[in-house]
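K.L.:
Structure incoming, see below.
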Amino acid sequence: MIDTFAQLAHGMAVALQPLNLLYALIGVFLGTAVGVLPGIGPALTVALLLPVTYKLDPGGSLIMFAGIYYGGMYGGSTTAILINTPGESASMATALEGNKMAKAGRGGPALATAAIGSFVAGTIATIGLAFLAPWLVDFAVRFGPEDYFALMCVAFVTVSATFGDSPIRGLTSLFIGLTLGLIGIDKLTGQARLAFGIPELLDGVEVTTLAVGLFAVGEALYVASRRHHAEEKLEPVRGSLWMTREDWKRSWKPWLRGTMFGFPIGALPAGGAEIPTFLSYSTEKRLTKHPEEFGKGAIEGVAGPEAANNASAAGTLVPLLTLGLPTSATAAMMLAGFQQYGLNPGPLLFAERPDLVWGLIASLFIANVMLLVLNLPLVGLWVRLLAIPQPWLYAGILAFATMGTIAAKPSVVELSMLAGFGVMGFLMRRFDYPIAPVVVGLILGPIAESQLRRALQISLGDPLTLVQSPISATLLAIALIALVAPFVLKGLGRFKANED
Amino acid sequence: MTPFQKRLFGAAVALTLAAAGAAHAQQLELKLMAPAAPGGGWDQTARSMQQALVAAKIARSVQVTNVPGAGGSVGIAQFVNGAKGDGNQMMVNGFVMVGALAMNKSPVTLEQVTPIARLTEEIQVIVVPANSPLKTAQDLAAAVKADIAKVTFAGGSAGGVDHVMAALFAGAVGADAKKINYIPFSGGGESLAAILGAKVSAGISGLSEYEGQIKSGKLRALGVTSEKRIAGVDIPTFKEQGIDLVLANWRSVVAAPGITPEQRKTLSDAVEKMVKSDAWKDILKQKGWEDAYLGGDAFADFLKKETTRVTDVLKSVGLVKS
C-alpha cells in the first residue's frame with residue numbers, strides 16, 4: 001500500500017513535467033473534439049495518430065492517448081445532451097434524460113452534472129486502477145462465457161426501464177433491435193445471416209449508425225413534420241445555468257452508484273461501456289424520489305450513466321496494463337502504441353517500466369482535472385447552441401450526423417442505412433414506440449447470443465453449466481429477483497390495501 | 001480539369017515516365033488500399049509501406065485508404081471494380097482474406113488481382129494455461145485423439161488463421177478435423193482471458209500476441225508453426241515434435257487486374273526496392289514482423305497453393321459448402 005503511494009507520487013512527478021502536461025492537454029482536447037463527432041471515436045483518432053507519435057518519447061505519447069480516451073468518453077455526452085446525437089454508443093443512456101433536460105431549458109445543469117460526474121467517477125476509478133488492479137484482474141479473468149451470459153440477463157431485465165408506459169410497445173422495439181443484431185456474419189459459425197448478399201451488411205449494423213439514425217435523424221424528421229402544427233419553443237436557459245443545491249443533492253449518489261457499475265464491468269474483458277450505463281440508468285429510475293420526472297428530464301438519469309461511462313473507461317485499463325488484454329477498440333490501439341515502443345503490457349510491465357505505468361496512471365488524474373477545467377466554462381457556450389432557430393439547428397444536426405457516418409464508413413450502404421433508420425425513428429416517434437430499446441437490443445443481443453453459445457459449446461451442450469458457476473448463479477438470481485420483485489411487491493401492496 | 005483529374009493526369013504522366021525507365025521511379029504516386037479499419041494488421045502494413053516507400057524515395061507520395069468490411073471482402077470488390085487497369089493502385093491483403101472470400105461466397109476472387117509480393121509473416125503458436133496437465137504438443141495430440149470434442153480451442157474469428165490451424169492440427173495428428181471444438185472469440189483480448197481463466201483447453205494465436213504471457217509464465221507454449229526454431233524463442237516447433245504442421249499468417253500486396261506487364265514490373269521493382277530499404281527493415285524490427293519477401297511468379301504460385309489449402313480445410317470443417 002505504502003509502496004503504491006510512493007510509486008504514484010513518483011508517477012505524478014513524471015506526469016507533471018511541463019512537456020507531459022502539454023501532451024495531456026492536447027490529448028483531452030483532441031479527445032473531446034472527436035467524442036463530439038458521431039462516428040469518429042477515440043479508437044480511430046489514436047490509430048491515425050500512431051504513426052505521428054512514433055518519434056515522440058513513449059511516456060508522452062501514451063499520456064496523450066490516455067487523454068484522448070478520457071476526453072472521447074466525455075465529449076460524446078455533450079452532443080447527446082444538446083442535440084440528442086450520442087457521439088459514442090456509451091452516451092446513449094445520457095441522451096435519454098439529458099436531451100429532455102436541454103429542451104426544458106436545463107441544458108446547463110445537465111452538462112455540468114455530466115462533467116462533474118465524469119470527473120468524480122474518473123477520479124475514483126483511477127484510484128481503483130492504482131490500488132485494486134492486480135486483485136480485480138484475477139476476478140475478471142475468472143469470468144467465463146456462462147457468467148457473461150448471466151450478466152446479459154441482468155442487463156436485459158433492466159431494459160424495461162427504457163420502455164416508457166407500454167410494455168408491449170417496449171418489447172416490440174426491443175425485438176426490432178434484436179433482429180437487427182442478427183444481421184451479418186454469425187461469430188461462431190462464420191455463416192452470413194440476413195445479409196441478403198450485400199457485402200457491407202456482413203459486418204452487421206454499426207451501433208452508432210443506428211443510434212444516430214434513430215435519435216438525431218428521426219428527431220429532425222419528426223420536428224420538421226410537426227412544425228406547422230405546434231411549434232415547440234426552445235428556451236436555452238430556464239432557471240439557473242448552473243447546478244442548484246437541489247441538483248447537487250440529487251446528483252452525488254448517482255455519480256457514486258454509476259462508478260460502482262462502470263469500473264468493475266469496464267474491467268471485465270467483455271464488459272464494455274454500454275452495459276454499465278444502462279444498469280445505472282435503470283437503477284436511478286428505480287431509486288429516484290422523482291419518478292414522475294423520468295422521461296421528461298431527470299438529472300439522476302444523466303448523472304448516473306455519465307459517471308458509469310467514464311468509470312468504465314478507467315476499468316478498461318485494468319486488464320490492459322496488468323495482462324496486456326485490450327478489451328475495447330481504443331485499448332487495442334493503445335496496446336499497439338505500447339508495442340510500437342517495444343513494450344509489452346502485461347504482468348511484466350509493472351516490474352520493468354514502473355515509471356511509465358505510474359506516469360500513465362498519474363496522468364489520468366491530471367487528464368480528469370483538465371477535462372473539468374476545459375469543459376465547465378464551455379457549458380455556457382454550448383447551451384447557446386440551442387438558441388439557434390430550429391430549422392437551422394436541425395439542418396445542422398442532419399449534416400453533422402451524415403458527416404460522422406461517412407467519416408466512419410465511407411459507403412453508400414451505410415448512408416442508406418442511416419436514412420432508413422432515420423425514417424424508422426420518425427415512424428416510431430409518430431406512433432409512440434420507445435426508441436432506446438432498439439439500440440439496447442442491437443448491443444445486448446449479439447453478446448448474449450454468442451456468450452450463451454460459447455458456454456454451451458465448452459460444456460458440450462450441457463445447460464447445467466449456466467448455473468454451476470457461482471458468479472453466473474448469483475447474477476441469474478439477481479436477474480430473477482429484479483424481474484419478479486415488482487410484481488410481488490405490487491401484489492403485496494394490494495393485499496395490504498385489502499386488509500385495511 | 002478538376003484537381004482530381006489533374007492528379008490522375010499527373011499520375012498517368014508519372015506512370016509513362018516510370019515505365020520508360022526505372023530511373024524515374026521516384027515519380028511514382030501510389031494509392032494503397034487497406035481493406036480493413038484503421039489499426040489492424042493490414043492497415044498497419046499499408047501505413048508502414050507508405051512510410052518506407054516515401055522515406056526511401058521510391059515513391060513521391062503514397063495515399064492510404066481504408067475500406068473495412070467482412071475480412072476484406074468489401075475492399076477487394078471495390079478494388080477489382082474500381083482500380084482495373086490502373087498501374088498506380090495496390091492493395092494489402094493476407095491469409096485471412098483467402099478464407100473470408102471463400103466463406104462469404106464473394107463474387108470477386110484473388111485470381112482476379114495481379115500478385116506483387118508477399119511481405120511479412122507471423123508464426124502461430126498453441127498455448128495452454130500454466131496449470132494445464134498438457135505439457136507438450138504430443139500430450140495435446142493424444143488428448144485430441146482420445147476425444148476430440150472435449151478439447152476446446154480458443155482463437156480468433158471463425159474461418160480465420162487460428163481456426164484453420166486448429167483443423168490442420170487435428171488432421172496432422174490423425175483425428176477427424178470435422179469434429180474439432182473450436183470456439184471463436186472476437187479479438188485476442190477476449191480469447192486470452194478465456195485461456196488464462198482455464199475456460200478452454202488450449203488457445204491459438206499469433207506468437208507475438210501471447211509472447212508477454214508466455215515469458216511471464218502465465219501461459220505455456222506447446223509449439224510454434226515455423227519450419228525451424230526461431231532464433232531467440234525457446235519454443236519447440238511442431239515439426240520437431242513429430243507433427244506436420246507448418247503455417248504462417250502472411251501479409252502481401254497485390255495490384256489491380258488488367259495492368260500491363262510493364263506496369264506490373266514497375267510496381268514489383270518498387271516493392272522489391274522497398275523491402276531492401278533500411279526504412280522497411282527498421283519498421284519490421286520495431287513492429288516485430290518477420291521479413292518474408294517473396295516476389296514475382298513465386299508469390300503467384302504460393303498464393304494459388306495457399307488458396308487451395310485454405311479452401312480445402314474450410315470445406316473439411318464445413319465452413320465452406322463444396
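Chain labels follow the order of the C-alpha cells: the first chain is A, the next B, and so on; residue numbering restarts at 1 in every chain, and ligands are counted from 1 in their shown order.
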Output the contact residues of chain A with respect to chain B at a cut-off of 6 Å, based on only C-alpha atoms, as a ChimeraX atom specification.
P.N.:
/A:47,141-142,188-190,199,202-203,269,325-327
K.L.:
Residues as selected, N, CA and C atoms, written as an mmCIF file, in the first residue's frame, can you do that?
P.N.:
```cif
data_model
loop_
_atom_site.group_PDB
_atom_site.id
_atom_site.type_symbol
_atom_site.label_atom_id
_atom_site.label_comp_id
_atom_site.auth_asym_id
_atom_site.auth_seq_id
_atom_site.Cartn_x
_atom_site.Cartn_y
_atom_site.Cartn_z
ATOM 1 N N ALA A 47 -5.526 5.574 -33.717
ATOM 2 C CA ALA A 47 -4.958 4.855 -34.862
ATOM 3 C C ALA A 47 -4.273 5.823 -35.816
ATOM 4 N N VAL A 141 -10.682 -12.334 -14.921
ATOM 5 C CA VAL A 141 -10.314 -13.464 -15.771
ATOM 6 C C VAL A 141 -11.166 -14.689 -15.451
ATOM 7 N N ARG A 142 -11.659 -14.742 -14.211
ATOM 8 C CA ARG A 142 -12.484 -15.889 -13.855
ATOM 9 C C ARG A 142 -13.861 -15.849 -14.518
ATOM 10 N N LEU A 188 -19.911 -17.423 -34.465
ATOM 11 C CA LEU A 188 -19.463 -18.763 -34.096
ATOM 12 C C LEU A 188 -19.359 -19.732 -35.260
ATOM 13 N N THR A 189 -20.122 -19.511 -36.308
ATOM 14 C CA THR A 189 -20.028 -20.435 -37.427
ATOM 15 C C THR A 189 -19.519 -19.771 -38.695
ATOM 16 N N GLY A 190 -19.392 -18.463 -38.675
ATOM 17 C CA GLY A 190 -18.891 -17.778 -39.852
ATOM 18 C C GLY A 190 -19.883 -17.703 -40.997
ATOM 19 N N PRO A 199 -22.412 -7.245 -49.338
ATOM 20 C CA PRO A 199 -21.190 -7.443 -48.541
ATOM 21 C C PRO A 199 -21.072 -6.477 -47.370
ATOM 22 N N LEU A 202 -22.301 -7.693 -44.067
ATOM 23 C CA LEU A 202 -21.708 -8.870 -43.428
ATOM 24 C C LEU A 202 -21.126 -8.556 -42.059
ATOM 25 N N ASP A 203 -20.710 -7.331 -41.843
ATOM 26 C CA ASP A 203 -20.145 -6.991 -40.540
ATOM 27 C C ASP A 203 -21.205 -6.548 -39.546
ATOM 28 N N PRO A 269 -13.148 -8.436 -19.342
ATOM 29 C CA PRO A 269 -12.668 -8.474 -20.725
ATOM 30 C C PRO A 269 -13.763 -8.277 -21.769
ATOM 31 N N LEU A 325 -4.279 -7.160 -22.007
ATOM 32 C CA LEU A 325 -5.539 -7.594 -22.595
ATOM 33 C C LEU A 325 -6.313 -6.375 -23.063
ATOM 34 N N PRO A 326 -6.401 -6.138 -24.358
ATOM 35 C CA PRO A 326 -7.188 -4.989 -24.800
ATOM 36 C C PRO A 326 -8.668 -5.364 -24.865
ATOM 37 N N THR A 327 -9.517 -4.639 -24.156
ATOM 38 C CA THR A 327 -10.921 -5.042 -24.125
ATOM 39 C C THR A 327 -11.830 -4.050 -24.815
#
```
K.L.:
Might you pull out every residue within 9 Å of region 63-74 of chain A, with only C-alpha atoms counted and same-chain residues fewer than 2 positions away left off, and present them as a PDB file with C-alpha atoms, in the first residue's frame?
P.N.:
```
ATOM      1  CA  ALA A  15       3.216  13.372 -15.402  1.00  0.00           C
ATOM      2  CA  ASN A  20       3.870  15.742 -20.484  1.00  0.00           C
ATOM      3  CA  LEU A  21       1.276  18.224 -19.231  1.00  0.00           C
ATOM      4  CA  LEU A  22       1.175  19.634 -22.735  1.00  0.00           C
ATOM      5  CA  TYR A  23       0.649  16.145 -24.203  1.00  0.00           C
ATOM      6  CA  ALA A  24      -2.175  15.521 -21.743  1.00  0.00           C
ATOM      7  CA  LEU A  25      -3.785  18.817 -22.731  1.00  0.00           C
ATOM      8  CA  ILE A  26      -3.519  18.025 -26.448  1.00  0.00           C
ATOM      9  CA  GLY A  27      -4.969  14.608 -25.708  1.00  0.00           C
ATOM     10  CA  VAL A  28      -8.032  15.733 -23.796  1.00  0.00           C
ATOM     11  CA  PHE A  29      -8.674  18.482 -26.305  1.00  0.00           C
ATOM     12  CA  LEU A  30      -8.480  16.121 -29.306  1.00  0.00           C
ATOM     13  CA  GLY A  31     -10.485  13.516 -27.412  1.00  0.00           C
ATOM     14  CA  THR A  32     -13.277  15.930 -26.600  1.00  0.00           C
ATOM     15  CA  ALA A  33     -13.361  17.096 -30.204  1.00  0.00           C
ATOM     16  CA  VAL A  34     -13.632  13.613 -31.698  1.00  0.00           C
ATOM     17  CA  GLY A  35     -16.030  12.498 -28.993  1.00  0.00           C
ATOM     18  CA  VAL A  36     -18.370  15.254 -30.097  1.00  0.00           C
ATOM     19  CA  GLY A  41     -14.306   7.677 -31.897  1.00  0.00           C
ATOM     20  CA  PRO A  42     -11.164   7.703 -29.808  1.00  0.00           C
ATOM     21  CA  ALA A  43     -10.013   4.403 -31.396  1.00  0.00           C
ATOM     22  CA  THR A  45      -8.064   9.011 -33.534  1.00  0.00           C
ATOM     23  CA  VAL A  46      -5.405   7.001 -31.739  1.00  0.00           C
ATOM     24  CA  LEU A  49      -2.005   9.454 -34.508  1.00  0.00           C
ATOM     25  CA  PRO A  58       6.840   6.678 -25.112  1.00  0.00           C
ATOM     26  CA  GLY A  59       5.702   8.292 -21.860  1.00  0.00           C
ATOM     27  CA  GLY A  60       4.480  11.449 -23.528  1.00  0.00           C
ATOM     28  CA  SER A  61       2.527   9.803 -26.304  1.00  0.00           C
ATOM     29  CA  GLY A  76     -19.787  12.057 -26.530  1.00  0.00           C
ATOM     30  CA  SER A  77     -22.127  13.255 -23.826  1.00  0.00           C
ATOM     31  CA  THR A  78     -22.156  16.876 -24.978  1.00  0.00           C
ATOM     32  CA  GLY A  87     -21.300  10.633 -30.192  1.00  0.00           C
ATOM     33  CA  GLU A  88     -20.493   7.156 -28.834  1.00  0.00           C
ATOM     34  CA  ALA A  90     -21.969   4.593 -24.451  1.00  0.00           C
ATOM     35  CA  SER A  91     -23.541   8.049 -24.352  1.00  0.00           C
ATOM     36  CA  ALA A 114     -22.156  15.149 -16.726  1.00  0.00           C
ATOM     37  CA  ALA A 115     -18.836  16.971 -16.418  1.00  0.00           C
ATOM     38  CA  SER A 118     -17.302  12.208 -15.155  1.00  0.00           C
ATOM     39  CA  GLY A 122     -12.939   9.081 -13.398  1.00  0.00           C
ATOM     40  CA  GLU A 306     -22.248   9.584 -17.368  1.00  0.00           C
ATOM     41  CA  ASN A 309     -19.382   5.679 -18.746  1.00  0.00           C
ATOM     42  CA  ASN A 310     -16.197   7.343 -17.519  1.00  0.00           C
ATOM     43  CA  ALA A 313     -13.004   3.784 -19.342  1.00  0.00           C
ATOM     44  CA  ALA A 314     -10.659   3.520 -16.361  1.00  0.00           C
ATOM     45  CA  THR A 330      -9.330   2.135 -28.042  1.00  0.00           C
ATOM     46  CA  ALA A 331      -7.493  -0.135 -25.632  1.00  0.00           C
ATOM     47  CA  MET A 334      -3.189   1.825 -27.021  1.00  0.00           C
ATOM     48  CA  GLY A 337       1.014   2.172 -29.092  1.00  0.00           C
ATOM     49  CA  GLY A 359       3.256   8.094 -15.038  1.00  0.00           C
ATOM     50  CA  LEU A 360       0.295   6.990 -17.129  1.00  0.00           C
ATOM     51  CA  ILE A 361      -1.945   6.412 -14.107  1.00  0.00           C
ATOM     52  CA  SER A 363      -1.629  11.497 -15.910  1.00  0.00           C
ATOM     53  CA  LEU A 364      -5.145  10.068 -15.861  1.00  0.00           C
ATOM     54  CA  ILE A 366      -4.401  15.146 -14.456  1.00  0.00           C
ATOM     55  CA  ALA A 367      -6.426  14.498 -17.605  1.00  0.00           C
ATOM     56  CA  ASN A 368      -9.516  14.385 -15.418  1.00  0.00           C
ATOM     57  CA  LEU A 371     -11.322  17.909 -18.681  1.00  0.00           C
TER      58      LEU A 371
END
```
K.L.:
Quick one: pull the distance between CA of Gly425 (chain A) and CA of Leu180 (chain A), Å, one decimal.
P.N.:
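Going from CA of Gly425 (chain A) over to CA of Leu180 (chain A) covers 14.1 Å.
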K.L.:
I'd like the contact shell of Val317 (chain B) - 9 Å cut-off, only C-alpha atoms, skipping same-chain residues fewer than 5 positions apart - returned as a ChimeraX atom specification.
P.N.:
/B:164,167,177-180,312
K.L.:
Go ahead and write the selection's residues with N, CA and C atoms as a PDB file, in the first residue's frame.
P.N.:
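As a result, selection17.pdb now contains:
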```pdb
ATOM      1  N   VAL B 164      -8.303 -22.305 -39.004  1.00  0.00           N
ATOM      2  CA  VAL B 164      -7.690 -23.189 -40.000  1.00  0.00           C
ATOM      3  C   VAL B 164      -6.593 -24.020 -39.348  1.00  0.00           C
ATOM      4  N   ALA B 167      -7.878 -26.925 -37.288  1.00  0.00           N
ATOM      5  CA  ALA B 167      -8.281 -28.035 -38.159  1.00  0.00           C
ATOM      6  C   ALA B 167      -7.061 -28.774 -38.697  1.00  0.00           C
ATOM      7  N   ALA B 177     -10.865 -33.745 -38.487  1.00  0.00           N
ATOM      8  CA  ALA B 177     -10.882 -32.287 -38.359  1.00  0.00           C
ATOM      9  C   ALA B 177     -12.306 -31.735 -38.298  1.00  0.00           C
ATOM     10  N   LYS B 178     -13.232 -32.468 -38.842  1.00  0.00           N
ATOM     11  CA  LYS B 178     -14.615 -32.001 -38.879  1.00  0.00           C
ATOM     12  C   LYS B 178     -15.184 -31.859 -37.470  1.00  0.00           C
ATOM     13  N   LYS B 179     -14.648 -32.622 -36.535  1.00  0.00           N
ATOM     14  CA  LYS B 179     -15.233 -32.651 -35.191  1.00  0.00           C
ATOM     15  C   LYS B 179     -14.547 -31.714 -34.210  1.00  0.00           C
ATOM     16  N   ILE B 180     -13.603 -30.877 -34.674  1.00  0.00           N
ATOM     17  CA  ILE B 180     -12.904 -30.033 -33.703  1.00  0.00           C
ATOM     18  C   ILE B 180     -13.886 -29.113 -32.997  1.00  0.00           C
ATOM     19  N   ASP B 312      -9.666 -26.004 -48.930  1.00  0.00           N
ATOM     20  CA  ASP B 312      -9.880 -27.416 -48.596  1.00  0.00           C
ATOM     21  C   ASP B 312     -10.157 -27.592 -47.110  1.00  0.00           C
TER      22      ASP B 312
END
```
K.L.:
Separation of CA of Gly461 (chain A) and CA of Phe139 (chain A), in Å?
P.N.:
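Spanning CA of Gly461 (chain A) to CA of Phe139 (chain A) is a straight-line distance of 25.5 Å.
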K.L.:
Excluding Ala311 (chain A) and its own-chain neighbours fewer than 4 positions away, which residues fall within 6 Å of it when counting only C-alpha atoms? Please give them as a PyMOL selection string.
P.N.:
chain A and resi 121-122+125+259+262-263
K.L.:
Using C-alpha atoms, can you write the selected residues to a file as a PDB file, in the first residue's frame?
P.N.:
```pdb
ATOM      1  CA  ALA A 121     -16.178   8.778 -11.466  1.00  0.00           C
ATOM      2  CA  GLY A 122     -12.939   9.081 -13.398  1.00  0.00           C
ATOM      3  CA  ALA A 125     -11.989   4.703 -10.862  1.00  0.00           C
ATOM      4  CA  THR A 259     -18.933   4.473 -10.683  1.00  0.00           C
ATOM      5  CA  GLY A 262     -18.795   1.283 -14.507  1.00  0.00           C
ATOM      6  CA  PHE A 263     -15.428   0.426 -13.019  1.00  0.00           C
TER       7      PHE A 263
END
```
K.L.:
What's around Gly272 (chain A) at 7 Å? Count only C-alpha atoms, leave out sequence neighbours fewer than 5 positions away in its own chain, and write the answer as a ChimeraX atom specification.
P.N.:
/A:265-266,328
K.L.:
When you count only C-alpha atoms, which of these residues is closest to Thr277 (chain A): A:Val217, A:Leu381, A:Leu386, A:Leu96?
P.N.:
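With only C-alpha atoms as the atom set, the closest residue is A:Leu96.
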K.L.:
Step one, run DSSP on the backbone; step two, keep only residues of region 371-474 of chain A assigned to alpha helix (DSSP H); then write them as a ChimeraX atom specification.
P.N.:
/A:371-384,390-408,412-430,436-458,465-468,470-474
K.L.:
Which residues are near region 85-89 of chain B? Cut-off 8 Å, only C-alpha atoms, ignore same chain within fewer than 4 positions. Put them as a list of chain:residue names.
P.N.:
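Here the answer would be B:Ala11, B:Leu15, B:Leu28, B:Glu29, B:Leu30, B:Lys31, B:Leu32, B:Met33, B:Ala255, B:Ala256, B:Pro257, B:Gly258, B:Ile259, B:Thr260, B:Gln263, B:Arg264, B:Leu267.
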K.L.:
Generate a file of the selected residues that holds C-alpha atoms, formatted as a PDB file, in the first residue's frame.
P.N.:
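File part24.pdb, as written:
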```pdb
ATOM      1  CA  ALA B  11      -0.247  10.004 -62.269  1.00  0.00           C
ATOM      2  CA  LEU B  15       3.468   6.193 -64.942  1.00  0.00           C
ATOM      3  CA  LEU B  28       5.533   7.185 -58.520  1.00  0.00           C
ATOM      4  CA  GLU B  29       2.339   8.408 -56.923  1.00  0.00           C
ATOM      5  CA  LEU B  30       0.681   5.399 -55.407  1.00  0.00           C
ATOM      6  CA  LYS B  31      -2.671   4.673 -53.885  1.00  0.00           C
ATOM      7  CA  LEU B  32      -2.662   1.882 -51.371  1.00  0.00           C
ATOM      8  CA  MET B  33      -5.829   0.302 -50.056  1.00  0.00           C
ATOM      9  CA  ALA B 255      -2.072  -4.793 -57.806  1.00  0.00           C
ATOM     10  CA  ALA B 256      -5.158  -4.131 -59.883  1.00  0.00           C
ATOM     11  CA  PRO B 257      -6.440  -6.543 -62.540  1.00  0.00           C
ATOM     12  CA  GLY B 258      -5.723  -5.837 -66.187  1.00  0.00           C
ATOM     13  CA  ILE B 259      -2.466  -3.941 -65.822  1.00  0.00           C
ATOM     14  CA  THR B 260       0.271  -4.261 -68.437  1.00  0.00           C
ATOM     15  CA  GLN B 263       3.145  -1.636 -65.048  1.00  0.00           C
ATOM     16  CA  ARG B 264       3.479  -4.837 -63.073  1.00  0.00           C
ATOM     17  CA  LEU B 267       5.301  -1.958 -59.049  1.00  0.00           C
TER      18      LEU B 267
END
```
K.L.:
Of the candidates A:Leu343, A:Leu44, A:Leu480, A:Met370, which shows the shortest atom-to-atom distance to Ala329 (chain A), using only C-alpha atoms?
P.N.:
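Among the listed residues, A:Leu44 lies closest to Ala329 (chain A).
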K.L.:
Could you tell me how far CA of Thr288 (chain A) lies from CA of Arg250 (chain A), in Å and to one decimal?
P.N.:
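Between these atoms lies a distance of 8.6 Å.
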